$ cat input.pdb   # PDB, C-alpha atoms
ATOM      1  CA  MET A   1     -14.050  18.913   6.867
ATOM      2  CA  THR A   2     -13.258  16.104   4.426
ATOM      3  CA  THR A   3     -15.420  13.080   3.797
ATOM      4  CA  PHE A   4     -12.970  10.825   5.650
ATOM      5  CA  SER A   5     -12.947  13.170   8.659
ATOM      6  CA  ILE A   6     -16.742  13.041   8.793
ATOM      7  CA  LEU A   7     -16.647   9.246   8.486
ATOM      8  CA  GLU A   8     -14.122   9.078  11.339
ATOM      9  CA  GLN A   9     -16.364  11.184  13.555
ATOM     10  CA  VAL A  10     -19.384   9.026  12.749
ATOM     11  CA  LEU A  11     -17.500   5.822  13.514
ATOM     12  CA  VAL A  12     -16.105   7.212  16.752
ATOM     13  CA  HIS A  13     -19.394   8.533  18.093
ATOM     14  CA  ILE A  14     -21.413   5.454  17.165
ATOM     15  CA  SER A  15     -18.820   3.112  18.683
ATOM     16  CA  PHE A  16     -18.793   5.156  21.906
ATOM     17  CA  PHE A  17     -22.594   5.049  22.072
ATOM     18  CA  LEU A  18     -22.528   1.272  21.567
ATOM     19  CA  LEU A  19     -19.925   0.796  24.304
ATOM     20  CA  PHE A  20     -22.040   2.953  26.609
ATOM     21  CA  LEU A  21     -25.082   0.836  25.724
ATOM     22  CA  VAL A  22     -23.188  -2.401  26.353
ATOM     23  CA  THR A  23     -22.083  -1.099  29.750
ATOM     24  CA  LEU A  24     -25.682  -0.286  30.679
ATOM     25  CA  ILE A  25     -26.812  -3.717  29.515
ATOM     26  CA  TYR A  26     -24.229  -5.644  31.544
ATOM     27  CA  TRP A  27     -24.729  -3.605  34.687
ATOM     28  CA  GLY A  28     -28.498  -3.755  34.200
ATOM     29  CA  LYS A  29     -28.276  -7.536  33.988
ATOM     30  CA  PHE A  30     -26.078  -7.642  37.068
ATOM     31  CA  ILE A  31     -28.194  -5.347  39.248
ATOM     32  CA  TYR A  32     -31.726  -5.763  37.973
ATOM     33  CA  ILE A  33     -32.547  -8.612  35.600
ATOM     34  CA  ASP A  34     -30.683 -11.357  33.759
ATOM     35  CA  ASN A  35     -32.347 -11.659  30.371
ATOM     36  CA  GLU A  36     -31.120 -13.686  27.390
ATOM     37  CA  THR A  37     -32.317 -11.027  24.936
ATOM     38  CA  LEU A  38     -30.270  -8.385  26.772
ATOM     39  CA  HIS A  39     -27.245 -10.669  26.694
ATOM     40  CA  ILE A  40     -27.499 -11.180  22.931
ATOM     41  CA  SER A  41     -28.051  -7.445  22.374
ATOM     42  CA  GLY A  42     -24.982  -6.624  24.433
ATOM     43  CA  LYS A  43     -22.842  -9.128  22.569
ATOM     44  CA  ILE A  44     -23.950  -7.865  19.146
ATOM     45  CA  SER A  45     -23.423  -4.236  20.184
ATOM     46  CA  MET A  46     -19.900  -5.013  21.368
ATOM     47  CA  VAL A  47     -19.068  -6.769  18.082
ATOM     48  CA  ILE A  48     -20.333  -3.771  16.099
ATOM     49  CA  ALA A  49     -18.358  -1.360  18.315
ATOM     50  CA  PHE A  50     -15.250  -3.485  17.763
ATOM     51  CA  LEU A  51     -15.770  -3.380  13.995
ATOM     52  CA  PHE A  52     -16.342   0.386  13.956
ATOM     53  CA  ILE A  53     -13.199   1.089  15.985
ATOM     54  CA  SER A  54     -11.273  -1.278  13.702
ATOM     55  CA  ILE A  55     -12.508   0.607  10.620
ATOM     56  CA  PHE A  56     -11.621   3.922  12.262
ATOM     57  CA  LEU A  57      -8.053   2.781  12.971
ATOM     58  CA  SER A  58      -7.739   1.355   9.457
ATOM     59  CA  ILE A  59      -8.826   4.656   7.879
ATOM     60  CA  ARG A  60      -6.303   6.518   9.998
ATOM     61  CA  TRP A  61      -3.613   4.055   8.949
ATOM     62  CA  ILE A  62      -4.394   4.457   5.244
ATOM     63  CA  LEU A  63      -4.633   8.255   5.304
ATOM     64  CA  SER A  64      -1.604   8.915   7.518
ATOM     65  CA  LYS A  65       0.465   6.112   5.954
ATOM     66  CA  HIS A  66       1.678   5.023   9.363
ATOM     67  CA  PHE A  67       0.228   2.885  12.125
ATOM     68  CA  PRO A  68      -2.189   5.055  14.156
ATOM     69  CA  LEU A  69      -0.263   5.200  17.415
ATOM     70  CA  SER A  70       1.522   8.521  17.013
ATOM     71  CA  ASN A  71      -0.280  10.460  19.761
ATOM     72  CA  LEU A  72      -2.301  10.037  22.940
ATOM     73  CA  TYR A  73      -5.634  10.085  21.112
ATOM     74  CA  GLU A  74      -4.760   7.284  18.730
ATOM     75  CA  SER A  75      -3.122   5.171  21.440
ATOM     76  CA  SER A  76      -6.204   5.593  23.666
ATOM     77  CA  MET A  77      -8.457   4.474  20.828
ATOM     78  CA  PHE A  78      -6.192   1.485  20.232
ATOM     79  CA  LEU A  79      -6.340   0.723  23.962
ATOM     80  CA  SER A  80     -10.145   0.811  23.787
ATOM     81  CA  TRP A  81     -10.005  -1.515  20.767
ATOM     82  CA  SER A  82      -7.738  -3.907  22.697
ATOM     83  CA  LEU A  83     -10.166  -3.959  25.616
ATOM     84  CA  THR A  84     -13.037  -4.864  23.285
ATOM     85  CA  VAL A  85     -10.929  -7.740  21.958
ATOM     86  CA  ILE A  86     -10.363  -8.996  25.505
ATOM     87  CA  HIS A  87     -14.077  -8.644  26.257
ATOM     88  CA  LEU A  88     -15.107 -10.667  23.203
ATOM     89  CA  SER A  89     -12.416 -13.293  23.835
ATOM     90  CA  LEU A  90     -13.454 -13.792  27.456
ATOM     91  CA  GLU A  91     -17.100 -13.974  26.493
ATOM     92  CA  ASN A  92     -16.455 -16.635  23.863
ATOM     93  CA  LYS A  93     -14.161 -18.753  26.037
ATOM     94  CA  SER A  94     -15.946 -18.335  29.349
ATOM     95  CA  ASN A  95     -19.391 -19.262  30.578
ATOM     96  CA  ASN A  96     -19.344 -16.353  33.014
ATOM     97  CA  ASN A  97     -21.266 -13.439  31.520
ATOM     98  CA  TRP A  98     -20.538 -11.247  34.565
ATOM     99  CA  LEU A  99     -17.009 -10.525  33.298
ATOM    100  CA  GLY A 100     -18.583  -7.983  30.962
ATOM    101  CA  ILE A 101     -19.391  -5.675  33.893
ATOM    102  CA  ILE A 102     -15.635  -5.061  34.159
ATOM    103  CA  THR A 103     -14.399  -5.198  30.567
ATOM    104  CA  ALA A 104     -17.233  -3.201  28.939
ATOM    105  CA  PRO A 105     -16.896  -0.110  31.179
ATOM    106  CA  SER A 106     -13.118  -0.240  30.743
ATOM    107  CA  ALA A 107     -13.442  -0.044  26.959
ATOM    108  CA  MET A 108     -16.092   2.680  27.222
ATOM    109  CA  LEU A 109     -14.162   4.893  29.656
ATOM    110  CA  THR A 110     -10.952   4.629  27.636
ATOM    111  CA  HIS A 111     -12.887   5.500  24.485
ATOM    112  CA  GLY A 112     -14.608   8.371  26.294
ATOM    113  CA  PHE A 113     -11.295   9.779  27.506
ATOM    114  CA  ALA A 114     -10.001   9.840  23.943
ATOM    115  CA  THR A 115     -13.093  11.332  22.295
ATOM    116  CA  LEU A 116     -14.474  13.554  25.063
ATOM    117  CA  GLY A 117     -11.480  14.233  27.297
ATOM    118  CA  LEU A 118      -8.916  15.326  24.735
ATOM    119  CA  PRO A 119      -9.192  18.610  22.783
ATOM    120  CA  GLN A 120      -9.932  18.529  19.081
ATOM    121  CA  ASP A 121      -6.449  19.639  18.048
ATOM    122  CA  MET A 122      -4.987  16.572  19.784
ATOM    123  CA  GLN A 123      -7.362  14.296  17.884
ATOM    124  CA  GLN A 124      -6.021  15.315  14.489
ATOM    125  CA  SER A 125      -3.753  13.008  12.544
ATOM    126  CA  ILE A 126      -0.323  14.610  12.266
ATOM    127  CA  PRO A 127       2.963  13.575  10.608
ATOM    128  CA  LEU A 128       5.280  11.475  12.690
ATOM    129  CA  VAL A 129       8.017  13.256  14.593
ATOM    130  CA  PRO A 130      11.525  12.054  13.639
ATOM    131  CA  ALA A 131      11.860   9.851  16.729
ATOM    132  CA  LEU A 132       8.782   7.881  15.687
ATOM    133  CA  GLN A 133       9.736   7.383  12.055
ATOM    134  CA  SER A 134      10.883   3.819  12.481
ATOM    135  CA  HIS A 135       9.734   0.309  11.666
ATOM    136  CA  TRP A 136       9.867  -0.318  15.424
ATOM    137  CA  LEU A 137       6.748   1.819  15.937
ATOM    138  CA  ILE A 138       4.308  -1.028  15.333
ATOM    139  CA  MET A 139       6.346  -3.578  17.260
ATOM    140  CA  HIS A 140       7.001  -1.481  20.353
ATOM    141  CA  VAL A 141       3.869   0.617  20.813
ATOM    142  CA  THR A 142       1.444  -2.141  19.790
ATOM    143  CA  THR A 143       2.861  -4.646  22.265
ATOM    144  CA  MET A 144       2.899  -2.030  25.022
ATOM    145  CA  ILE A 145      -0.743  -1.051  24.489
ATOM    146  CA  LEU A 146      -1.817  -4.700  24.256
ATOM    147  CA  SER A 147       0.016  -5.373  27.512
ATOM    148  CA  TYR A 148      -1.667  -2.388  29.170
ATOM    149  CA  SER A 149      -5.118  -3.615  28.154
ATOM    150  CA  ALA A 150      -4.528  -7.135  29.476
ATOM    151  CA  LEU A 151      -2.832  -5.992  32.676
ATOM    152  CA  LEU A 152      -5.537  -3.412  33.370
ATOM    153  CA  CYS A 153      -8.269  -6.056  33.001
ATOM    154  CA  GLY A 154      -6.381  -8.498  35.204
ATOM    155  CA  SER A 155      -5.798  -5.804  37.830
ATOM    156  CA  LEU A 156      -9.458  -4.772  37.817
ATOM    157  CA  LEU A 157     -10.439  -8.388  38.419
ATOM    158  CA  ALA A 158      -7.998  -8.442  41.342
ATOM    159  CA  ILE A 159      -9.565  -5.269  42.776
ATOM    160  CA  THR A 160     -13.003  -6.868  42.407
ATOM    161  CA  LEU A 161     -11.655  -9.935  44.202
ATOM    162  CA  LEU A 162     -10.555  -7.793  47.148
ATOM    163  CA  ILE A 163     -13.985  -6.135  47.309
ATOM    164  CA  VAL A 164     -15.744  -9.506  47.329
ATOM    165  CA  ALA A 165     -13.274 -10.892  49.868
ATOM    166  CA  ALA A 166     -13.918  -7.925  52.171
ATOM    167  CA  THR A 167     -17.634  -8.752  52.272
ATOM    168  CA  LYS A 168     -17.359 -12.526  52.623
ATOM    169  CA  ASN A 169     -17.943 -14.452  55.835
ATOM    170  CA  LYS A 170     -14.803 -15.090  57.842
ATOM    171  CA  LYS A 171     -15.467 -18.798  58.177
ATOM    172  CA  PHE A 172     -16.455 -21.047  55.307
ATOM    173  CA  LYS A 173     -19.065 -23.277  56.899
ATOM    174  CA  LEU A 174     -19.111 -25.311  53.725
ATOM    175  CA  LEU A 175     -15.869 -26.919  54.837
ATOM    176  CA  LYS A 176     -17.829 -28.704  57.535
ATOM    177  CA  TYR A 177     -19.730 -30.523  54.774
ATOM    178  CA  ASN A 178     -23.247 -30.747  56.074
ATOM    179  CA  THR A 179     -24.471 -33.763  54.118
ATOM    180  CA  ASN A 180     -28.233 -33.556  54.592
ATOM    181  CA  SER A 181     -30.310 -33.717  51.454
ATOM    182  CA  PHE A 182     -31.433 -30.110  51.714
ATOM    183  CA  PHE A 183     -27.845 -28.858  51.437
ATOM    184  CA  TYR A 184     -27.297 -30.706  48.177
ATOM    185  CA  TYR A 185     -30.681 -29.492  47.019
ATOM    186  CA  LEU A 186     -29.430 -25.930  47.412
ATOM    187  CA  LEU A 187     -26.266 -26.580  45.426
ATOM    188  CA  ALA A 188     -28.176 -28.242  42.635
ATOM    189  CA  LYS A 189     -30.677 -25.426  42.173
ATOM    190  CA  ASP A 190     -30.190 -22.183  40.323
ATOM    191  CA  TYR A 191     -29.005 -19.384  42.589
ATOM    192  CA  ASN A 192     -31.745 -16.910  41.579
ATOM    193  CA  LYS A 193     -34.458 -19.491  42.209
ATOM    194  CA  ILE A 194     -33.038 -20.201  45.647
ATOM    195  CA  MET A 195     -32.899 -16.510  46.504
ATOM    196  CA  SER A 196     -36.587 -16.091  45.590
ATOM    197  CA  SER A 197     -37.823 -19.255  47.247
ATOM    198  CA  LYS A 198     -39.427 -19.449  50.682
ATOM    199  CA  THR A 199     -36.991 -22.208  51.611
ATOM    200  CA  TYR A 200     -34.100 -19.780  51.380
ATOM    201  CA  TYR A 201     -35.455 -17.668  54.205
ATOM    202  CA  GLU A 202     -36.414 -20.603  56.391
ATOM    203  CA  SER A 203     -33.154 -22.529  56.521
ATOM    204  CA  GLN A 204     -29.817 -21.665  58.074
ATOM    205  CA  ASN A 205     -28.179 -24.092  55.649
ATOM    206  CA  SER A 206     -28.618 -21.559  52.864
ATOM    207  CA  LEU A 207     -25.854 -19.505  54.518
ATOM    208  CA  TRP A 208     -23.444 -22.275  53.614
ATOM    209  CA  PHE A 209     -24.578 -21.998  50.034
ATOM    210  CA  ILE A 210     -24.099 -18.206  49.928
ATOM    211  CA  ASN A 211     -20.676 -18.549  51.500
ATOM    212  CA  PHE A 212     -19.762 -21.218  48.984
ATOM    213  CA  ARG A 213     -20.840 -18.942  46.114
ATOM    214  CA  LYS A 214     -18.605 -16.169  47.411
ATOM    215  CA  TRP A 215     -15.699 -18.564  47.785
ATOM    216  CA  GLN A 216     -16.349 -19.825  44.260
ATOM    217  CA  LEU A 217     -16.504 -16.267  42.877
ATOM    218  CA  ILE A 218     -13.239 -15.327  44.598
ATOM    219  CA  ASN A 219     -11.500 -18.306  43.018
ATOM    220  CA  GLU A 220     -12.933 -17.526  39.590
ATOM    221  CA  LEU A 221     -11.798 -13.910  39.843
ATOM    222  CA  ASP A 222      -8.350 -15.033  40.930
ATOM    223  CA  ASN A 223      -8.147 -17.551  38.092
ATOM    224  CA  TYR A 224      -9.157 -15.093  35.376
ATOM    225  CA  SER A 225      -6.986 -12.337  36.833
ATOM    226  CA  TYR A 226      -3.959 -14.632  36.824
ATOM    227  CA  ARG A 227      -4.603 -15.873  33.282
ATOM    228  CA  ILE A 228      -5.100 -12.388  31.831
ATOM    229  CA  ILE A 229      -2.067 -10.941  33.612
ATOM    230  CA  SER A 230      -0.027 -13.942  32.448
ATOM    231  CA  LEU A 231      -1.052 -12.997  28.904
ATOM    232  CA  GLY A 232      -0.210  -9.314  29.297
ATOM    233  CA  PHE A 233       3.151  -9.766  31.013
ATOM    234  CA  PRO A 234       4.956 -11.290  27.980
ATOM    235  CA  PHE A 235       3.621  -8.441  25.821
ATOM    236  CA  LEU A 236       5.000  -5.956  28.348
ATOM    237  CA  THR A 237       8.364  -7.721  28.322
ATOM    238  CA  VAL A 238       8.561  -7.724  24.517
ATOM    239  CA  GLY A 239       7.441  -4.091  24.446
ATOM    240  CA  ILE A 240      10.195  -2.986  26.819
ATOM    241  CA  LEU A 241      12.877  -4.967  24.981
ATOM    242  CA  SER A 242      11.810  -3.699  21.555
ATOM    243  CA  GLY A 243      11.694  -0.177  22.981
ATOM    244  CA  ALA A 244      15.277  -0.568  24.175
ATOM    245  CA  VAL A 245      16.411  -1.629  20.708
ATOM    246  CA  TRP A 246      14.509   1.273  19.164
ATOM    247  CA  ALA A 247      16.046   3.691  21.685
ATOM    248  CA  ASN A 248      19.521   2.514  20.721
ATOM    249  CA  GLU A 249      18.774   3.241  17.065
ATOM    250  CA  ALA A 250      17.184   6.627  17.758
ATOM    251  CA  TRP A 251      19.215   7.961  20.677
ATOM    252  CA  GLY A 252      22.346   5.793  20.724
ATOM    253  CA  SER A 253      21.639   4.084  24.049
ATOM    254  CA  TYR A 254      19.504   1.114  25.060
ATOM    255  CA  TRP A 255      18.434   2.669  28.359
ATOM    256  CA  ASN A 256      18.430   6.307  29.462
ATOM    257  CA  TRP A 257      16.347   6.216  32.655
ATOM    258  CA  ASP A 258      13.768   8.388  30.944
ATOM    259  CA  PRO A 259      10.566   8.760  33.084
ATOM    260  CA  LYS A 260       8.636   6.566  30.651
ATOM    261  CA  GLU A 261      11.342   3.889  30.711
ATOM    262  CA  THR A 262      11.613   4.034  34.492
ATOM    263  CA  TRP A 263       7.885   3.629  35.082
ATOM    264  CA  SER A 264       7.731   0.851  32.497
ATOM    265  CA  LEU A 265      10.389  -0.974  34.487
ATOM    266  CA  ILE A 266       8.448  -0.382  37.724
ATOM    267  CA  THR A 267       5.314  -1.781  36.046
ATOM    268  CA  TRP A 268       7.268  -4.846  34.909
ATOM    269  CA  LEU A 269       8.646  -5.413  38.417
ATOM    270  CA  ILE A 270       5.190  -5.118  40.011
ATOM    271  CA  PHE A 271       3.646  -7.754  37.761
ATOM    272  CA  ALA A 272       6.748  -9.945  37.906
ATOM    273  CA  THR A 273       6.295  -9.857  41.678
ATOM    274  CA  TYR A 274       2.631 -10.790  41.298
ATOM    275  CA  LEU A 275       3.422 -13.779  39.089
ATOM    276  CA  HIS A 276       6.166 -14.816  41.500
ATOM    277  CA  THR A 277       3.747 -14.733  44.433
ATOM    278  CA  ARG A 278       1.497 -17.133  42.578
ATOM    279  CA  ILE A 279       4.316 -19.676  42.622
ATOM    280  CA  LEU A 280       4.949 -19.342  46.358
ATOM    281  CA  ASN A 281       2.675 -21.571  48.414
ATOM    282  CA  GLY A 282       2.899 -19.253  51.410
ATOM    283  CA  TRP A 283       1.144 -16.413  49.614
ATOM    284  CA  ARG A 284      -2.617 -16.347  49.736
ATOM    285  CA  ILE A 285      -4.998 -15.203  47.018
ATOM    286  CA  LYS A 286      -5.700 -11.925  48.803
ATOM    287  CA  GLN A 287      -2.019 -11.024  49.151
ATOM    288  CA  SER A 288      -1.368 -11.631  45.452
ATOM    289  CA  ALA A 289      -4.460  -9.623  44.541
ATOM    290  CA  ILE A 290      -3.114  -6.649  46.511
ATOM    291  CA  VAL A 291       0.043  -6.689  44.390
ATOM    292  CA  ALA A 292      -2.000  -6.869  41.172
ATOM    293  CA  SER A 293      -4.261  -4.047  42.386
ATOM    294  CA  LEU A 294      -1.211  -1.878  42.953
ATOM    295  CA  GLY A 295      -0.232  -2.600  39.361
ATOM    296  CA  PHE A 296      -3.503  -1.014  38.170
ATOM    297  CA  PHE A 297      -2.439   2.403  39.463
ATOM    298  CA  ILE A 298       1.161   1.973  38.313
ATOM    299  CA  ILE A 299      -0.008   1.328  34.739
ATOM    300  CA  TRP A 300      -1.996   4.563  34.662
ATOM    301  CA  ILE A 301       1.003   6.474  35.994
ATOM    302  CA  CYS A 302       3.148   4.913  33.277
ATOM    303  CA  TYR A 303       0.621   5.430  30.487
ATOM    304  CA  LEU A 304      -0.992   8.766  31.376
ATOM    305  CA  GLY A 305       0.883  10.275  34.307
ATOM    306  CA  VAL A 306       4.201  10.431  32.508
ATOM    307  CA  ASN A 307       2.543  11.786  29.365
ATOM    308  CA  LEU A 308       0.632  14.433  31.284
ATOM    309  CA  LEU A 309       3.370  15.615  33.615
ATOM    310  CA  GLY A 310       6.588  13.942  32.565
ATOM    311  CA  LYS A 311       9.525  15.425  30.733
ATOM    312  CA  GLY A 312      12.169  13.455  28.906
ATOM    313  CA  LEU A 313      13.038  11.656  25.716
ATOM    314  CA  HIS A 314       9.374  10.740  25.260
ATOM    315  CA  SER A 315       8.479  14.424  25.212
ATOM    316  CA  TYR A 316       6.253  13.957  22.166
ATOM    317  CA  GLY A 317       3.706  12.529  24.603
ATOM    318  CA  TRP A 318       3.376  15.640  26.750
ATOM    319  CA  LEU A 319       0.094  17.401  27.305
ATOM    320  CA  LEU A 320       1.554  20.062  29.542
ATOM    321  CA  GLN A 321       4.419  21.664  27.778
ATOM    322  CA  ASN A 322       6.442  24.597  28.994
ATOM    323  CA  SER A 323       6.367  27.590  26.766
TER     324      SER A 323
END
$ encode --input "input.pdb" --output "structure tokens"
Amino acid sequence: MTTFSILEQVLVHISFFLLFLVTLIYWGKFIYIDNETLHISGKISMVIAFLFISIFLSIRWILSKHFPLSNLYESSMFLSWSLTVIHLSLENKSNNNWLGIITAPSAMLTHGFATLGLPQDMQQSIPLVPALQSHWLIMHVTTMILSYSALLCGSLLAITLLIVAATKNKKFKLLKYNTNSFFYYLLAKDYNKIMSSKTYYESQNSLWFINFRKWQLINELDNYSYRIISLGFPFLTVGILSGAVWANEAWGSYWNWDPKETWSLITWLIFATYLHTRILNGWRIKQSAIVASLGFFIIWICYLGVNLLGKGLHSYGWLLQNS
């Protein structure tokens, strides 16, 4: 094993451990205790994991002399890297630390699939097959993976929204606007302090506060889901268009109804439908979230399902090949 191979293994295993640690930290904060030291530790660990994955991809790029997206292992690592970027971006631009309970596990599980789920022979850097020897490789595959990462995060937020909505009260008593001083006292105080106070258990008005918090959380989830999906959709569109141009150069046709192309189109239609429902006033948050949640499963079919079981012009992505 060469020095660079050993370095790659070190970077990969340390970054996976850090992502696992970050996941434990965020879920620990969510379930057990919210501590500022834990928050800082989680943020630093995620930054280090991001840097290590970046170095790993850079080494692969230098040694192979092509962008490291030639097989399922490298694309999964790039997907994990993209999810860490989304995590750090959301954390810097948002005051809601709870978003990490969704983005951190996503990056960890994708990383774990690549490093622990794929056999060693699939993790080796190999020369590009003729179909991939094109300047379109970076343009097409990079935009597709970036779109997958954004759309997956947005879809997971939509699924979380549906879970929260399923547990919320059917009637928002807050809309009745009880204006006594105690009600405003509840809204002004920190939620954790209210939950631990004796007043919380003694007053029915606290139910309005809890219901308001759920309503507020649903709207925040919907807002972030919409914004992230709106970011990923243009990447998906550019990825499909650049793939069509590349296909014309490689195979002489812009579109061949290959399984990968077909499922990419289905993915595009699902999220185009979601964005369209956001424009229609008649559609509620829950209905739009159902469409986005469906997109979560469609993406995995497009990204993994076709590669695992599909057969077509993208045959270099197979895992199950006929002898």
$ closest_residue --input "input.pdb" --among "A:Ser106, A:Thr84, A:Gln287, A:Ser5" --to "Phe56 of chain A" --atoms "only C-alpha atoms"
A:Ser5
$ residues_around --input "input.pdb" --residues "Tyr26 of chain A" --least-positions-apart "5" --cutoff "8 Å" --atoms "all atoms listed in the file" --output "compact mmCIF listing (two decimals) with C-alpha atoms, in the coordinates of the input"
# COMPACT_ATOMS: atom_id res chain seq x y z
CA HIS A 39 -27.24 -10.67 26.69
CA GLY A 42 -24.98 -6.62 24.43
CA TRP A 98 -20.54 -11.25 34.56
CA GLY A 100 -18.58 -7.98 30.96
CA ILE A 101 -19.39 -5.68 33.89
CA ALA A 104 -17.23 -3.20 28.94
$ residues_around --input "input.pdb" --residues "segment 142-158 of chain A" --least-positions-apart "5" --cutoff "7 Å" --atoms "all atoms listed in the file" --output "list in words"
Leu79, Ser82, Leu83, Thr103, Leu221, Asp222, Ser225, Tyr226, Ile228, Ile229, Leu231, Gly232, Phe233, Phe235, Leu236, Val238, Gly239, Ala289, Ala292, Ser293, Gly295, Phe296 and Ile299 of chain A
$ resolve_selection --input "input.pdb" --expression "the PyMOL selection byres ((chain A and resi 9-25) around 7)" --output "ChimeraX atom specification"
/A:5-8,26-29,38,42,45-46,49,52-53,56,101,104-105,108,111-112
$ write_last_selection --input "input.pdb" --atoms "C-alpha atoms" --output "CSV table (one decimal), in the coordinates of the input"
chain,number,residue,atom,x,y,z
A,5,SER,CA,-12.9,13.2,8.7
A,6,ILE,CA,-16.7,13.0,8.8
A,7,LEU,CA,-16.6,9.2,8.5
A,8,GLU,CA,-14.1,9.1,11.3
A,26,TYR,CA,-24.2,-5.6,31.5
A,27,TRP,CA,-24.7,-3.6,34.7
A,28,GLY,CA,-28.5,-3.8,34.2
A,29,LYS,CA,-28.3,-7.5,34.0
A,38,LEU,CA,-30.3,-8.4,26.8
A,42,GLY,CA,-25.0,-6.6,24.4
A,45,SER,CA,-23.4,-4.2,20.2
A,46,MET,CA,-19.9,-5.0,21.4
A,49,ALA,CA,-18.4,-1.4,18.3
A,52,PHE,CA,-16.3,0.4,14.0
A,53,ILE,CA,-13.2,1.1,16.0
A,56,PHE,CA,-11.6,3.9,12.3
A,101,ILE,CA,-19.4,-5.7,33.9
A,104,ALA,CA,-17.2,-3.2,28.9
A,105,PRO,CA,-16.9,-0.1,31.2
A,108,MET,CA,-16.1,2.7,27.2
A,111,HIS,CA,-12.9,5.5,24.5
A,112,GLY,CA,-14.6,8.4,26.3
$ atom_distance --input "input.pdb" --atom1 "atom CA of Phe78 of chain A" --atom2 "atom CA of Ala250 of chain A"
24.1 Å
$ closest_residue --input "input.pdb" --among "A:Phe4, A:Val291, A:Tyr254, A:Thr37" --to "Leu57 of chain A" --atoms "only C-alpha atoms"
A:Phe4
$ atom_distance --input "input.pdb" --atom1 "atom CA of Pro127 of chain A" --atom2 "atom CA of Pro259 of chain A"
24.2 Å
$ closest_residue --input "input.pdb" --among "A:His66, A:Lys93, A:His87, A:Lys260" --to "Trp136 of chain A" --atoms "all atoms listed in the file"
A:His66
$ atom_distance --input "input.pdb" --atom1 "atom CA of Leu63 of chain A" --atom2 "atom CA of Leu128 of chain A"
12.8 Å
$ resolve_selection --input "input.pdb" --expression "the PyMOL selection byres ((chain A and resi 219) around 12)" --output "NGL selection string"
:A and (157-158 or 160-162 or 164-165 or 212-218 or 220-226 or 284-286 or 289)
$ closest_residue --input "input.pdb" --among "A:Ile163, A:Leu109, A:Ile290, A:Met139" --to "Thr277 of chain A" --atoms "all atoms listed in the file"
A:Ile290
$ resolve_selection --input "input.pdb" --expression "the PyMOL selection byres ((chain A and resi 269) around 12)" --output "list of chain:residue names"
A:Phe233, A:Leu236, A:Thr237, A:Ile240, A:Thr262, A:Trp263, A:Ser264, A:Leu265, A:Ile266, A:Thr267, A:Trp268, A:Ile270, A:Phe271, A:Ala272, A:Thr273, A:Tyr274, A:Leu275, A:His276, A:Val291, A:Ala292, A:Leu294, A:Gly295, A:Ile298, A:Ile299
$ write_last_selection --input "input.pdb" --atoms "C-alpha atoms" --output "compact mmCIF listing (two decimals), keeping the file's coordinate frame"
# COMPACT_ATOMS: atom_id res chain seq x y z
CA PHE A 233 3.15 -9.77 31.01
CA LEU A 236 5.00 -5.96 28.35
CA THR A 237 8.36 -7.72 28.32
CA ILE A 240 10.20 -2.99 26.82
CA THR A 262 11.61 4.03 34.49
CA TRP A 263 7.88 3.63 35.08
CA SER A 264 7.73 0.85 32.50
CA LEU A 265 10.39 -0.97 34.49
CA ILE A 266 8.45 -0.38 37.72
CA THR A 267 5.31 -1.78 36.05
CA TRP A 268 7.27 -4.85 34.91
CA ILE A 270 5.19 -5.12 40.01
CA PHE A 271 3.65 -7.75 37.76
CA ALA A 272 6.75 -9.94 37.91
CA THR A 273 6.30 -9.86 41.68
CA TYR A 274 2.63 -10.79 41.30
CA LEU A 275 3.42 -13.78 39.09
CA HIS A 276 6.17 -14.82 41.50
CA VAL A 291 0.04 -6.69 44.39
CA ALA A 292 -2.00 -6.87 41.17
CA LEU A 294 -1.21 -1.88 42.95
CA GLY A 295 -0.23 -2.60 39.36
CA ILE A 298 1.16 1.97 38.31
CA ILE A 299 -0.01 1.33 34.74
$ closest_residue --input "input.pdb" --among "A:Ser75, A:Ser70, A:Ser94, A:Gln120" --to "Gln133 of chain A" --atoms "all atoms listed in the file"
A:Ser70
$ decode --input "input.pdb" --residues "segment 38-45 of chain A" --atoms "N, CA and C atoms" --output "PDB file, in the first residue's frame"
ATOM      1  N   LEU A  38     -21.062  21.798  23.720  1.00  0.00           N
ATOM      2  CA  LEU A  38     -21.367  20.736  22.759  1.00  0.00           C
ATOM      3  C   LEU A  38     -21.592  21.316  21.370  1.00  0.00           C
ATOM      4  N   HIS A  39     -22.285  22.444  21.321  1.00  0.00           N
ATOM      5  CA  HIS A  39     -22.555  23.078  20.025  1.00  0.00           C
ATOM      6  C   HIS A  39     -21.266  23.485  19.333  1.00  0.00           C
ATOM      7  N   ILE A  40     -20.356  24.100  20.062  1.00  0.00           N
ATOM      8  CA  ILE A  40     -19.071  24.515  19.490  1.00  0.00           C
ATOM      9  C   ILE A  40     -18.258  23.305  19.062  1.00  0.00           C
ATOM     10  N   SER A  41     -18.261  22.250  19.881  1.00  0.00           N
ATOM     11  CA  SER A  41     -17.530  21.024  19.544  1.00  0.00           C
ATOM     12  C   SER A  41     -18.073  20.401  18.266  1.00  0.00           C
ATOM     13  N   GLY A  42     -19.396  20.382  18.145  1.00  0.00           N
ATOM     14  CA  GLY A  42     -20.004  19.826  16.941  1.00  0.00           C
ATOM     15  C   GLY A  42     -19.660  20.623  15.702  1.00  0.00           C
ATOM     16  N   LYS A  43     -19.663  21.944  15.837  1.00  0.00           N
ATOM     17  CA  LYS A  43     -19.351  22.800  14.692  1.00  0.00           C
ATOM     18  C   LYS A  43     -17.900  22.630  14.261  1.00  0.00           C
ATOM     19  N   ILE A  44     -16.986  22.582  15.214  1.00  0.00           N
ATOM     20  CA  ILE A  44     -15.564  22.403  14.891  1.00  0.00           C
ATOM     21  C   ILE A  44     -15.328  21.038  14.261  1.00  0.00           C
ATOM     22  N   SER A  45     -15.967  20.006  14.799  1.00  0.00           N
ATOM     23  CA  SER A  45     -15.806  18.652  14.260  1.00  0.00           C
ATOM     24  C   SER A  45     -16.311  18.576  12.826  1.00  0.00           C
TER      25      SER A  45
END
